[in-house]
Structures are given as C-alpha cells and as structure tokens.
Amino acid sequence: MKACVQYLLLLFAEHTPGGLIPKVENHKEDIPRVGRWDLYQISDYIWRTDMTEFSPTPSFVAEFSQLEKQLGISTVVPSKDDLQSWQKAQTIENCHLKEQLQAKQAMFKAVYAIAREGISEGDLS
C-alpha cells in the first residue's frame, strides 16, 4: 500500500464519527496518527459501508478557519519571472550535480581498475 493511500485512510478514520472505526487499544493522542488506527479495520469499514449514506464529522466539511482566511490559503500560480528564475537555478544545480556524478564515476572506475588489477594478479588480500 502506497503512503498516499495510507494517509487517505487515516484522514477518513479521523473524520468518521467516534466509535465507528475503533482506535488501537491503549493509544495516546501524542503518538503519530499512523499508530492510532489499524489500517485493515479502516479498509474493512469502508468495504462494508454504503458510502452514499456516510456522513463525516462536521470538522471535515467545515469551511476555512478565520486564520486560514486571513492567511489567504489558496492555490498560488507563480509568475513567469518566478518560473524562469526557478528554471535557471535548477539548470545551474543540475550542471553541478552532473559534474559531481562524473567525478564520482571517474573515481569508481579508477578504484575498479586497481581492484581488477589486484584480482588478476591473484592478490585477494
């Protein structure tokens, strides 16, 4: 199961009315979310439930909080200048990474050549 699916299952479990999907016994609120539920139980609940009649908790469908509204949480579309600047920085970084990779490949080839020479001479120490 991929991680994104696990997160969706946990999100679903968090916003299911209490008691419908039992939490792991003796869980504590300060442990990570992934440790609070049994993913099999969440999947099993979804499999057995007619989801057309399911209603999540009110917090799941609540509109943005006042703080979120103040911060203006929304999809940000970068400007053309920002994209060009980012692409330039990525191109420079890629060139540096390519140089580093080539240097490491040369080093490994040299080490391999020395090791191969030692093996061909029968020196296995």
# chains A, B, ... in the order shown; residues from 1 in each chain; ligands from 1
>>> residues_around(residues="stretch 34-44 of chain A", least_positions_apart="2", cutoff="9 Å", atoms="only C-alpha atoms", output="PyMOL selection string")
chain A and resi 6-7+9-10+12-13+21-25+27-29+31-32+46-49
>>> atom_distance(atom1="atom CA of A:Glu117", atom2="atom CA of A:Glu99")
27.1 Å
>>> atom_distance(atom1="atom CA of A:Ser55", atom2="atom CA of A:Val5")
20.2 Å
>>> atom_distance(atom1="atom CA of A:Ala103", atom2="atom CA of A:Ser85")
27.5 Å
>>> select_by_dssp(residues="stretch 3-114 of chain A", states="alpha helix (DSSP H)", output="MDAnalysis selection string")
chainID A and resid 3:14 39:48 58:61 66:71 80:114
>>> residues_around(residues="A:Pro17", least_positions_apart="2", cutoff="8 Å", atoms="only C-alpha atoms", output="list of chain:residue names")
A:His15, A:Gly19, A:Leu20, A:Pro56, A:Thr57
>>> write_last_selection(atoms="all heavy atoms", output="mmCIF file, in the first residue's frame")
data_model
loop_
_atom_site.group_PDB
_atom_site.id
_atom_site.type_symbol
_atom_site.label_atom_id
_atom_site.label_comp_id
_atom_site.auth_asym_id
_atom_site.auth_seq_id
_atom_site.Cartn_x
_atom_site.Cartn_y
_atom_site.Cartn_z
ATOM 1 N N HIS A 15 -12.060 11.525 10.561
ATOM 2 C CA HIS A 15 -13.295 12.282 10.360
ATOM 3 C C HIS A 15 -14.520 11.387 10.278
ATOM 4 O O HIS A 15 -15.540 11.771 9.709
ATOM 5 C CB HIS A 15 -13.167 13.165 9.113
ATOM 6 C CG HIS A 15 -12.153 14.240 9.303
ATOM 7 N ND1 HIS A 15 -12.383 15.352 10.065
ATOM 8 C CD2 HIS A 15 -10.876 14.348 8.864
ATOM 9 C CE1 HIS A 15 -11.306 16.110 10.079
ATOM 10 N NE2 HIS A 15 -10.375 15.524 9.359
ATOM 11 N N GLY A 19 -16.225 5.987 17.401
ATOM 12 C CA GLY A 19 -16.689 4.644 17.698
ATOM 13 C C GLY A 19 -16.947 3.779 16.481
ATOM 14 O O GLY A 19 -17.024 2.559 16.604
ATOM 15 N N LEU A 20 -17.131 4.369 15.304
ATOM 16 C CA LEU A 20 -17.408 3.554 14.121
ATOM 17 C C LEU A 20 -16.169 2.782 13.681
ATOM 18 O O LEU A 20 -16.266 1.644 13.242
ATOM 19 C CB LEU A 20 -17.931 4.423 12.975
ATOM 20 C CG LEU A 20 -19.297 5.057 13.201
ATOM 21 C CD1 LEU A 20 -19.695 5.901 11.995
ATOM 22 C CD2 LEU A 20 -20.361 4.002 13.467
ATOM 23 N N PRO A 56 -19.484 12.445 7.192
ATOM 24 C CA PRO A 56 -18.294 12.687 8.019
ATOM 25 C C PRO A 56 -18.605 13.636 9.161
ATOM 26 O O PRO A 56 -19.692 14.208 9.237
ATOM 27 C CB PRO A 56 -17.309 13.310 7.036
ATOM 28 C CG PRO A 56 -18.170 13.973 6.023
ATOM 29 C CD PRO A 56 -19.410 13.125 5.911
ATOM 30 N N THR A 57 -17.628 13.810 10.026
ATOM 31 C CA THR A 57 -17.791 14.744 11.134
ATOM 32 C C THR A 57 -17.872 16.168 10.580
ATOM 33 O O THR A 57 -17.364 16.453 9.498
ATOM 34 C CB THR A 57 -16.592 14.656 12.101
ATOM 35 O OG1 THR A 57 -15.399 14.953 11.375
ATOM 36 C CG2 THR A 57 -16.483 13.289 12.735
#
>>> closest_residue(among="A:Arg33, A:Ala113, A:Gln102, A:Asn26", to="A:Leu8", atoms="only C-alpha atoms")
A:Arg33
